[in-house]
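Containing PDB, C-alpha atoms (C1' of nucleotides): query.pdb.
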ATOM      1  CA  MET S  18     117.094 -32.845   0.147
ATOM      2  CA  LEU S  19     117.236 -29.977   2.637
ATOM      3  CA  SER S  20     117.280 -31.004   6.310
ATOM      4  CA  LYS S  21     115.678 -29.183   9.206
ATOM      5  CA  SER S  22     119.042 -27.663  10.224
ATOM      6  CA  PHE S  23     119.076 -25.781   6.925
ATOM      7  CA  PHE S  24     116.162 -23.742   8.286
ATOM      8  CA  ASP S  25     117.678 -23.153  11.745
ATOM      9  CA  ARG S  26     119.238 -19.847  10.673
ATOM     10  CA  PRO S  27     118.076 -16.239  10.269
ATOM     11  CA  ALA S  28     115.302 -15.979   7.673
ATOM     12  CA  PRO S  29     117.154 -13.620   5.296
ATOM     13  CA  GLU S  30     120.079 -16.052   5.162
ATOM     14  CA  VAL S  31     117.769 -18.989   4.460
ATOM     15  CA  SER S  32     115.974 -16.878   1.842
ATOM     16  CA  ARG S  33     119.152 -16.297  -0.105
ATOM     17  CA  ASP S  34     119.956 -20.010  -0.138
ATOM     18  CA  LEU S  35     116.453 -20.958  -1.259
ATOM     19  CA  ILE S  36     116.708 -19.113  -4.577
ATOM     20  CA  GLY S  37     117.195 -21.848  -7.156
ATOM     21  CA  ALA S  38     116.129 -24.636  -4.788
ATOM     22  CA  THR S  39     113.562 -27.116  -6.050
ATOM     23  CA  LEU S  40     110.182 -27.271  -4.294
ATOM     24  CA  LEU S  41     107.807 -30.156  -4.946
ATOM     25  CA  HIS S  42     104.434 -30.923  -3.387
ATOM     26  CA  GLU S  43     103.246 -34.384  -4.352
ATOM     27  CA  GLY S  44     105.726 -34.293  -7.209
ATOM     28  CA  VAL S  45     104.423 -31.010  -8.614
ATOM     29  CA  GLY S  46     106.529 -27.850  -8.535
ATOM     30  CA  GLY S  47     109.786 -26.366  -9.771
ATOM     31  CA  ALA S  48     112.631 -23.970  -8.999
ATOM     32  CA  ILE S  49     112.118 -21.241  -6.416
ATOM     33  CA  VAL S  50     112.779 -17.825  -7.994
ATOM     34  CA  GLU S  51     111.294 -15.376  -5.461
ATOM     35  CA  VAL S  52     110.936 -15.334  -1.658
ATOM     36  CA  GLU S  53     110.538 -12.854   1.206
ATOM     37  CA  ALA S  54     111.880 -13.026   4.775
ATOM     38  CA  TYR S  55     109.894 -12.112   7.902
ATOM     39  CA  ASP S  56     110.904 -12.212  11.564
ATOM     40  CA  GLU S  57     109.556 -11.362  14.988
ATOM     41  CA  ALA S  58     111.208  -7.922  15.165
ATOM     42  CA  ASP S  59     109.607  -6.974  11.850
ATOM     43  CA  PRO S  60     106.320  -4.994  11.983
ATOM     44  CA  ALA S  61     105.234  -6.539   8.661
ATOM     45  CA  SER S  62     105.440 -10.062  10.084
ATOM     46  CA  HIS S  63     102.496 -12.097  11.313
ATOM     47  CA  SER S  64     104.674 -13.026  14.297
ATOM     48  CA  PHE S  65     105.336  -9.399  15.314
ATOM     49  CA  ALA S  66     102.528  -9.326  17.913
ATOM     50  CA  GLY S  67     103.375 -12.740  19.346
ATOM     51  CA  PRO S  68     101.750 -16.159  18.965
ATOM     52  CA  THR S  69      98.096 -16.415  17.915
ATOM     53  CA  PRO S  70      96.027 -19.397  16.763
ATOM     54  CA  ARG S  71      96.773 -18.566  13.136
ATOM     55  CA  ASN S  72     100.534 -18.028  13.393
ATOM     56  CA  ARG S  73     101.433 -20.576  16.072
ATOM     57  CA  VAL S  74     103.403 -22.718  13.590
ATOM     58  CA  MET S  75     105.801 -19.792  13.079
ATOM     59  CA  PHE S  76     106.825 -20.172  16.725
ATOM     60  CA  GLY S  77     107.409 -23.907  16.460
ATOM     61  CA  PRO S  78     110.548 -25.732  15.347
ATOM     62  CA  PRO S  79     112.340 -24.808  12.094
ATOM     63  CA  GLY S  80     111.761 -26.753   8.899
ATOM     64  CA  HIS S  81     107.969 -26.852   8.863
ATOM     65  CA  ALA S  82     105.322 -25.365   6.571
ATOM     66  CA  TYR S  83     103.324 -22.342   7.739
ATOM     67  CA  VAL S  84     100.249 -21.902   5.540
ATOM     68  CA  TYR S  85      97.724 -19.110   6.015
ATOM     69  CA  LYS S  86      94.664 -17.890   4.157
ATOM     70  CA  ILE S  87      94.799 -14.335   2.893
ATOM     71  CA  TYR S  88      91.998 -12.005   1.800
ATOM     72  CA  GLY S  89      89.603 -14.843   2.539
ATOM     73  CA  ILE S  90      90.432 -16.476  -0.780
ATOM     74  CA  HIS S  91      94.053 -17.403  -1.377
ATOM     75  CA  TYR S  92      96.660 -19.419   0.495
ATOM     76  CA  CYS S  93     100.314 -18.553   1.067
ATOM     77  CA  LEU S  94     103.114 -21.019   1.817
ATOM     78  CA  ASN S  95     105.995 -20.214   4.179
ATOM     79  CA  PHE S  96     108.976 -22.158   5.452
ATOM     80  CA  VAL S  97     109.492 -21.702   9.203
ATOM     81  CA  CYS S  98     113.050 -20.794  10.191
ATOM     82  CA  ARG S  99     114.038 -19.892  13.751
ATOM     83  CA  PRO S 100     111.026 -19.413  16.031
ATOM     84  CA  GLY S 101     109.062 -16.324  15.021
ATOM     85  CA  SER S 102     110.648 -16.161  11.568
ATOM     86  CA  ALA S 103     109.749 -17.594   8.192
ATOM     87  CA  VAL S 104     110.280 -17.307   4.454
ATOM     88  CA  LEU S 105     107.282 -16.643   2.190
ATOM     89  CA  ILE S 106     107.584 -18.585  -1.071
ATOM     90  CA  ARG S 107     106.401 -16.099  -3.709
ATOM     91  CA  ALA S 108     107.192 -17.576  -7.130
ATOM     92  CA  LEU S 109     108.446 -20.695  -8.890
ATOM     93  CA  GLU S 110     109.692 -21.564 -12.308
ATOM     94  CA  PRO S 111     107.244 -24.425 -13.031
ATOM     95  CA  VAL S 112     109.093 -27.592 -14.107
ATOM     96  CA  PHE S 113     107.454 -30.770 -12.764
ATOM     97  CA  GLY S 114     103.780 -31.660 -13.196
ATOM     98  CA  LEU S 115     103.157 -28.924 -15.746
ATOM     99  CA  GLU S 116      99.906 -30.476 -16.971
ATOM    100  CA  THR S 117      98.569 -30.746 -13.425
ATOM    101  CA  MET S 118      99.410 -27.108 -12.759
ATOM    102  CA  ARG S 119      97.724 -26.001 -15.987
ATOM    103  CA  GLU S 120      94.561 -27.863 -15.003
ATOM    104  CA  ARG S 121      94.525 -26.320 -11.530
ATOM    105  CA  ARG S 122      95.224 -22.791 -12.729
ATOM    106  CA  GLY S 123      93.217 -22.658 -15.927
ATOM    107  CA  ALA S 124      94.278 -21.281 -19.285
ATOM    108  CA  MET S 125      97.191 -18.878 -19.028
ATOM    109  CA  PRO S 126     100.820 -18.557 -20.067
ATOM    110  CA  ASP S 127     103.085 -21.019 -18.260
ATOM    111  CA  LYS S 128     105.131 -18.124 -16.899
ATOM    112  CA  ASN S 129     102.100 -17.104 -14.820
ATOM    113  CA  LEU S 130     101.339 -20.528 -13.334
ATOM    114  CA  CYS S 131     103.341 -19.829 -10.159
ATOM    115  CA  SER S 132     104.155 -16.087 -10.423
ATOM    116  CA  GLY S 133     102.825 -15.076  -7.004
ATOM    117  CA  PRO S 134     102.218 -16.647  -3.586
ATOM    118  CA  GLY S 135      98.501 -17.311  -4.135
ATOM    119  CA  LYS S 136      99.017 -18.644  -7.666
ATOM    120  CA  LEU S 137     101.817 -20.922  -6.491
ATOM    121  CA  ALA S 138      99.616 -22.337  -3.727
ATOM    122  CA  GLN S 139      96.835 -23.053  -6.209
ATOM    123  CA  ALA S 140      99.202 -24.677  -8.732
ATOM    124  CA  LEU S 141     100.719 -26.965  -6.063
ATOM    125  CA  ALA S 142      97.377 -27.590  -4.291
ATOM    126  CA  ILE S 143      98.547 -26.034  -1.013
ATOM    127  CA  ASP S 144      95.908 -25.253   1.613
ATOM    128  CA  LEU S 145      95.534 -25.411   5.413
ATOM    129  CA  THR S 146      95.905 -29.200   5.231
ATOM    130  CA  GLN S 147      99.659 -28.672   4.887
ATOM    131  CA  ASN S 148      99.961 -26.182   7.766
ATOM    132  CA  GLY S 149     102.549 -27.500  10.235
ATOM    133  CA  LEU S 150     103.854 -30.358   8.086
ATOM    134  CA  ALA S 151     107.591 -31.103   8.065
ATOM    135  CA  LEU S 152     109.438 -29.976   4.959
ATOM    136  CA  ASP S 153     111.891 -32.886   4.844
ATOM    137  CA  ALA S 154     109.284 -35.601   4.293
ATOM    138  CA  PRO S 155     106.397 -36.333   1.918
ATOM    139  CA  PRO S 156     104.269 -34.742   0.570
ATOM    140  CA  PHE S 157     107.095 -32.185   0.349
ATOM    141  CA  GLU S 158     110.434 -32.592  -1.323
ATOM    142  CA  ILE S 159     112.906 -29.724  -1.331
ATOM    143  CA  GLY S 160     116.226 -29.953  -3.153
ATOM    144  CA  ALA S 161     119.221 -27.674  -2.620
ATOM    145  CA  ALA S 162     119.935 -24.945  -5.147
ATOM    146  CA  GLU S 163     122.721 -25.281  -7.628
ATOM    147  CA  MET S 164     125.314 -22.565  -7.242
ATOM    148  CA  GLY S 165     126.106 -19.945  -9.806
ATOM    149  CA  HIS S 166     123.004 -17.873 -10.473
ATOM    150  CA  ASP S 167     122.658 -14.177  -9.704
ATOM    151  CA  ILE S 168     120.512 -13.179  -6.736
ATOM    152  CA  ALA S 169     119.037  -9.700  -6.386
ATOM    153  CA  THR S 170     117.250  -8.116  -3.423
ATOM    154  CA  GLY S 171     114.587  -5.462  -3.055
ATOM    155  CA  THR S 172     111.712  -4.310  -0.864
ATOM    156  CA  ARG S 173     108.797  -6.603  -0.094
ATOM    157  CA  ILE S 174     105.412  -6.568  -1.808
ATOM    158  CA  GLY S 175     101.908  -5.977  -0.493
ATOM    159  CA  ILE S 176     102.807  -4.757   3.002
ATOM    160  CA  THR S 177     102.152  -1.430   4.732
ATOM    161  CA  LYS S 178     104.701  -1.663   7.559
ATOM    162  CA  GLY S 179     108.408  -2.376   7.324
ATOM    163  CA  VAL S 180     108.262  -1.291   3.689
ATOM    164  CA  GLU S 181     111.914  -0.257   3.566
ATOM    165  CA  THR S 182     113.340  -3.594   4.706
ATOM    166  CA  PRO S 183     115.056  -5.155   1.653
ATOM    167  CA  TRP S 184     114.092  -8.735   2.389
ATOM    168  CA  ARG S 185     112.723  -9.729  -1.008
ATOM    169  CA  PHE S 186     115.106 -12.100  -2.767
ATOM    170  CA  VAL S 187     114.787 -13.034  -6.442
ATOM    171  CA  LYS S 188     116.654 -14.909  -9.116
ATOM    172  CA  ALA S 189     117.968 -12.001 -11.182
ATOM    173  CA  GLY S 190     116.260 -11.614 -14.535
ATOM    174  CA  SER S 191     113.862 -14.526 -14.100
ATOM    175  CA  PRO S 192     110.717 -14.307 -16.268
ATOM    176  CA  PHE S 193     108.733 -16.154 -13.582
ATOM    177  CA  LEU S 194     108.642 -13.444 -10.873
ATOM    178  CA  SER S 195     105.410 -12.038  -9.414
ATOM    179  CA  LYS S 196     106.678  -8.591 -10.428
ATOM    180  CA  PRO S 197     109.967  -7.430 -11.896
ATOM    181  CA  LEU S 198     112.444  -6.041  -9.387
ATOM    182  CA  PRO S 199     112.199  -2.221  -9.655
ATOM    183  CA  LYS S 200     115.870  -1.722  -8.948
ATOM    184  CA  ALA S 201     118.369  -4.264  -7.785
ATOM    185  CA  THR S 202     119.621  -2.829  -4.516
ATOM    186  CA  ARG S 203     122.353  -5.400  -4.265
ATOM    187  CA  GLU S 204     123.649  -8.425  -6.085
ATOM    188  CA  LEU S 205     125.093 -11.303  -4.125
TER     189      LEU S 205
ATOM    190  C1'  DC V   6      99.769  -1.049 -20.769
ATOM    191  C1'  DA V   7      98.026   1.092 -16.215
ATOM    192  C1'  DC V   8      94.851   1.375 -12.798
ATOM    193  C1'  DA V   9      90.544   0.255  -9.991
ATOM    194  C1'  DA V  10      87.536  -2.629  -7.677
ATOM    195  C1'  DG V  11      85.461  -6.911  -5.894
ATOM    196  C1'  DA V  12      85.792 -11.509  -3.778
ATOM    197  C1'  DT V  13      85.501 -13.527   1.116
ATOM    198  C1'  DT V  14      87.372 -15.186   5.760
ATOM    199  C1'  DG V  15      89.732 -14.972  10.079
ATOM    200  C1'  DC V  16      91.885 -12.252  13.313
ATOM    201  C1'  DC V  17      92.698  -8.217  16.083
ATOM    202  C1'  DT V  18      91.048  -3.634  18.103
TER     203       DT V  18
ATOM    204  C1'  DG F   6      84.184  -3.117  12.316
ATOM    205  C1'  DG F   7      88.347  -2.901   9.719
ATOM    206  C1'  DC F   8      91.942  -4.762   7.475
ATOM    207  C1'  DA F   9      95.190  -8.251   5.365
ATOM    208  C1'  DA F  10     102.452 -11.078   3.052
ATOM    209  C1'  DT F  11      96.451 -11.498  -3.359
ATOM    210  C1'  DC F  12      94.355 -12.450  -7.893
ATOM    211  C1'  DT F  13      91.232 -11.678 -11.596
ATOM    212  C1'  DT F  14      88.478  -9.015 -14.412
ATOM    213  C1'  DG F  15      86.945  -4.826 -16.343
ATOM    214  C1'  DT F  16      87.737  -0.098 -18.026
ATOM    215  C1'  DG F  17      90.263   3.448 -20.289
ATOM    216  C1'  DG F  18      94.499   5.199 -23.008
TER     217       DG F  18
END
Would you mind writing the file out in structure tokens?
Amino acid sequence: MLSKSFFDRPAPEVSRDLIGATLLHEGVGGAIVEVEAYDEADPASHSFAGPTPRNRVMFGPPGHAYVYKIYGIHYCLNFVCRPGSAVLIRALEPVFGLETMRERRGAMPDKNLCSGPGKLAQALAIDLTQNGLALDAPPFEIGAAEMGHDIATGTRIGITKGVETPWRFVKAGSPFLSKPLPKATREL
DNA sequence: CACAAGATTGCCT
DNA sequence: GGCAATCTTGTGG
């Protein structure tokens, strides 16, 4: 179980350590295989322009969930790190509550149940209800990653500013990513 | 397989 | 009024 101090570090560092960690919401979830880091000095970040009603949780204490609605339709789940920074959870390898996830997502290959931030939120039933909740207590349960897998980094997806910042972290070669990594810029 | 477009809401300019 | 850390469906090759 990850404690709040785990998140009291720079977002890229937390991102790296989250690959392979287990994320459950009400017992449904799996292994994190893709995340992105954002911080206050980053023009792509919601926190770049300072606190607003939507992003205020990003400026609160580490170890809480920041959930926002995007494109009016989907939800995205983040883990707040140091104030103004967070990690966007982009993809999971679905492991627990597979039947529940299939019902929520509709007919599709299991590898696409959680292969993107909006899909993941739908599969785990994440919405604004969870915004601001602590990550070290129910309904969340987050388990530390096992060591030994390869981590690759690349540029982030879906943004128009800060496009060169290599703060996308993935489990190398995972079939559960939102998109394959174009080119591994670095292996850790 | 690749690409294009629509859905739909809140926030900022 | 425009755009956003996205997904699905439809078209064409």
Counting only C-alpha atoms (C1' of nucleotides), which residues of chain V fall within 12 Å of chain S, and what is the closest atom pair for each with its distance in Å at one decimal, ordered by chain and rising number, as a Markdown table?
| residue | atom | partner | partner_atom | distance |
| --- | --- | --- | --- | --- |
| V:DG11 | C1' | S:Tyr88 | CA | 11.3 |
| V:DA12 | C1' | S:Ile90 | CA | 7.4 |
| V:DT13 | C1' | S:Gly89 | CA | 4.5 |
| V:DT14 | C1' | S:Gly89 | CA | 3.9 |
| V:DG15 | C1' | S:Gly89 | CA | 7.5 |
| V:DC16 | C1' | S:Arg71 | CA | 8.0 |
| V:DC17 | C1' | S:Thr69 | CA | 10.0 |
So for range 7-18 of chain V, what box centre and size do we get, axis-aligned, 4 Å extra on each of the six sides, every listed atom, Å to one decimal, as lines of an AutoDock Vina configuration file?
center_x = 91.7
center_y = -6.9
center_z = 0.9
size_x = 20.6
size_y = 24.6
size_z = 42.3
Requested in this report: Please evaluate the PyMOL selection byres ((chain S) within 9 of (chain F)) against the displayed coordinates and give the resulting residues as an MDAnalysis selection string.
Outcome: chainID S and resid 53 55 61:63 87:88 90:93 105 133:136 173:176
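The gap separating CA of Cys98 in chain S from CA of Glu30 in chain S is 9.9 Å, in Å to one decimal.
If you look at CA of Gly101 in chain S and CA of Leu137 in chain S, they are 23.2 Å away from each other.
Reported to one decimal place, the separation of CA of Glu120 in chain S from CA of Ala103 in chain S is 29.6 Å.
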Report task. Specify as a ChimeraX atom specification each residue included when the PyMOL selection byres ((chain S and resi 197) around 12) is applied to this file. Result -> /S:50-51,108,132-133,169-174,185-196,198-201
Query - Result set of the PyMOL selection byres ((chain S and resi 41) around 12) on the coordinates above, as a VMD selection string - result: chain S and resid 18 38 to 40 42 to 49 109 to 115 118 137 to 138 140 to 143 152 to 161
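With only C-alpha atoms as the basis for measurement, S:Leu35 is the residue among S:Leu35, S:Leu19, S:Phe96, S:Pro27 that approaches Ile168 in chain S most closely.
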Coordinates of chain F, N, CA and C atoms (P, O5', C5', C4', C3', O3' and C1' of nucleotides), as a PDB file, in the first residue's frame:
ATOM      1  P    DG F   6     -20.783  34.089 -29.721  1.00  0.00           P
ATOM      2  O5'  DG F   6     -19.236  33.735 -29.480  1.00  0.00           O
ATOM      3  C5'  DG F   6     -18.267  34.489 -30.218  1.00  0.00           C
ATOM      4  C4'  DG F   6     -16.937  33.785 -30.112  1.00  0.00           C
ATOM      5  C3'  DG F   6     -16.899  32.393 -30.747  1.00  0.00           C
ATOM      6  O3'  DG F   6     -15.664  32.255 -31.422  1.00  0.00           O
ATOM      7  C1'  DG F   6     -16.353  32.230 -28.438  1.00  0.00           C
ATOM      8  P    DG F   7     -15.320  31.083 -32.391  1.00  0.00           P
ATOM      9  O5'  DG F   7     -14.101  30.443 -31.585  1.00  0.00           O
ATOM     10  C5'  DG F   7     -13.095  31.310 -31.052  1.00  0.00           C
ATOM     11  C4'  DG F   7     -12.145  30.472 -30.221  1.00  0.00           C
ATOM     12  C3'  DG F   7     -11.918  29.081 -30.808  1.00  0.00           C
ATOM     13  O3'  DG F   7     -10.538  28.792 -30.754  1.00  0.00           O
ATOM     14  C1'  DG F   7     -12.757  28.889 -28.590  1.00  0.00           C
ATOM     15  P    DC F   8      -9.895  27.571 -31.525  1.00  0.00           P
ATOM     16  O5'  DC F   8      -9.402  26.718 -30.272  1.00  0.00           O
ATOM     17  C5'  DC F   8      -8.773  27.386 -29.180  1.00  0.00           C
ATOM     18  C4'  DC F   8      -8.831  26.484 -27.973  1.00  0.00           C
ATOM     19  C3'  DC F   8      -8.522  25.011 -28.312  1.00  0.00           C
ATOM     20  O3'  DC F   8      -7.593  24.531 -27.369  1.00  0.00           O
ATOM     21  C1'  DC F   8     -10.493  25.153 -27.059  1.00  0.00           C
ATOM     22  P    DA F   9      -6.621  23.342 -27.723  1.00  0.00           P
ATOM     23  O5'  DA F   9      -6.806  22.485 -26.388  1.00  0.00           O
ATOM     24  C5'  DA F   9      -6.626  23.105 -25.127  1.00  0.00           C
ATOM     25  C4'  DA F   9      -7.240  22.204 -24.054  1.00  0.00           C
ATOM     26  C3'  DA F   9      -6.852  20.727 -24.188  1.00  0.00           C
ATOM     27  O3'  DA F   9      -6.633  20.189 -22.905  1.00  0.00           O
ATOM     28  C1'  DA F   9      -9.199  20.957 -24.251  1.00  0.00           C
ATOM     29  P    DA F  10      -5.108  19.923 -22.557  1.00  0.00           P
ATOM     30  O5'  DA F  10      -5.001  18.340 -22.509  1.00  0.00           O
ATOM     31  C5'  DA F  10      -4.449  17.601 -23.572  1.00  0.00           C
ATOM     32  C4'  DA F  10      -4.160  16.180 -23.115  1.00  0.00           C
ATOM     33  C3'  DA F  10      -5.407  15.389 -22.679  1.00  0.00           C
ATOM     34  O3'  DA F  10      -5.186  13.991 -22.831  1.00  0.00           O
ATOM     35  C1'  DA F  10      -4.018  15.716 -20.822  1.00  0.00           C
ATOM     36  P    DT F  11      -5.657  13.215 -24.257  1.00  0.00           P
ATOM     37  O5'  DT F  11      -7.256  13.216 -24.117  1.00  0.00           O
ATOM     38  C5'  DT F  11      -7.879  12.521 -23.041  1.00  0.00           C
ATOM     39  C4'  DT F  11      -9.026  11.681 -23.555  1.00  0.00           C
ATOM     40  C3'  DT F  11      -8.608  10.464 -24.384  1.00  0.00           C
ATOM     41  O3'  DT F  11      -9.204   9.319 -23.807  1.00  0.00           O
ATOM     42  C1'  DT F  11     -10.277  11.712 -25.522  1.00  0.00           C
ATOM     43  P    DC F  12      -8.934   7.845 -24.380  1.00  0.00           P
ATOM     44  O5'  DC F  12     -10.256   7.528 -25.201  1.00  0.00           O
ATOM     45  C5'  DC F  12     -11.481   7.544 -24.501  1.00  0.00           C
ATOM     46  C4'  DC F  12     -12.640   7.333 -25.450  1.00  0.00           C
ATOM     47  C3'  DC F  12     -12.511   6.078 -26.313  1.00  0.00           C
ATOM     48  O3'  DC F  12     -13.674   5.299 -26.134  1.00  0.00           O
ATOM     49  C1'  DC F  12     -13.027   7.997 -27.642  1.00  0.00           C
ATOM     50  P    DT F  13     -13.820   3.834 -26.834  1.00  0.00           P
ATOM     51  O5'  DT F  13     -14.823   4.132 -28.037  1.00  0.00           O
ATOM     52  C5'  DT F  13     -16.007   4.860 -27.745  1.00  0.00           C
ATOM     53  C4'  DT F  13     -16.708   5.206 -29.031  1.00  0.00           C
ATOM     54  C3'  DT F  13     -16.776   4.043 -30.030  1.00  0.00           C
ATOM     55  O3'  DT F  13     -18.128   3.853 -30.401  1.00  0.00           O
ATOM     56  C1'  DT F  13     -15.912   6.008 -31.073  1.00  0.00           C
ATOM     57  P    DT F  14     -18.524   2.580 -31.337  1.00  0.00           P
ATOM     58  O5'  DT F  14     -18.819   3.308 -32.732  1.00  0.00           O
ATOM     59  C5'  DT F  14     -19.552   4.525 -32.733  1.00  0.00           C
ATOM     60  C4'  DT F  14     -19.442   5.167 -34.095  1.00  0.00           C
ATOM     61  C3'  DT F  14     -19.559   4.180 -35.272  1.00  0.00           C
ATOM     62  O3'  DT F  14     -20.402   4.751 -36.253  1.00  0.00           O
ATOM     63  C1'  DT F  14     -17.598   5.464 -35.486  1.00  0.00           C
ATOM     64  P    DG F  15     -21.022   3.785 -37.423  1.00  0.00           P
ATOM     65  O5'  DG F  15     -20.493   4.490 -38.742  1.00  0.00           O
ATOM     66  C5'  DG F  15     -20.691   5.903 -38.903  1.00  0.00           C
ATOM     67  C4'  DG F  15     -19.702   6.422 -39.911  1.00  0.00           C
ATOM     68  C3'  DG F  15     -19.630   5.575 -41.196  1.00  0.00           C
ATOM     69  O3'  DG F  15     -19.865   6.389 -42.344  1.00  0.00           O
ATOM     70  C1'  DG F  15     -17.459   5.971 -40.318  1.00  0.00           C
ATOM     71  P    DT F  16     -20.083   5.643 -43.786  1.00  0.00           P
ATOM     72  O5'  DT F  16     -18.717   6.034 -44.517  1.00  0.00           O
ATOM     73  C5'  DT F  16     -18.339   7.414 -44.606  1.00  0.00           C
ATOM     74  C4'  DT F  16     -16.894   7.497 -45.090  1.00  0.00           C
ATOM     75  C3'  DT F  16     -16.642   6.706 -46.382  1.00  0.00           C
ATOM     76  O3'  DT F  16     -16.136   7.570 -47.392  1.00  0.00           O
ATOM     77  C1'  DT F  16     -14.969   6.253 -44.736  1.00  0.00           C
ATOM     78  P    DG F  17     -16.046   7.006 -48.932  1.00  0.00           P
ATOM     79  O5'  DG F  17     -14.490   6.682 -48.972  1.00  0.00           O
ATOM     80  C5'  DG F  17     -13.544   7.726 -48.700  1.00  0.00           C
ATOM     81  C4'  DG F  17     -12.154   7.130 -48.703  1.00  0.00           C
ATOM     82  C3'  DG F  17     -11.892   6.223 -49.911  1.00  0.00           C
ATOM     83  O3'  DG F  17     -10.573   6.449 -50.392  1.00  0.00           O
ATOM     84  C1'  DG F  17     -11.451   5.049 -47.938  1.00  0.00           C
ATOM     85  P    DG F  18     -10.067   5.696 -51.748  1.00  0.00           P
ATOM     86  O5'  DG F  18      -8.824   4.845 -51.208  1.00  0.00           O
ATOM     87  C5'  DG F  18      -7.832   5.463 -50.397  1.00  0.00           C
ATOM     88  C4'  DG F  18      -6.763   4.434 -50.054  1.00  0.00           C
ATOM     89  C3'  DG F  18      -6.416   3.496 -51.217  1.00  0.00           C
ATOM     90  O3'  DG F  18      -5.025   3.221 -51.236  1.00  0.00           O
ATOM     91  C1'  DG F  18      -7.170   2.218 -49.374  1.00  0.00           C
TER      92       DG F  18
END
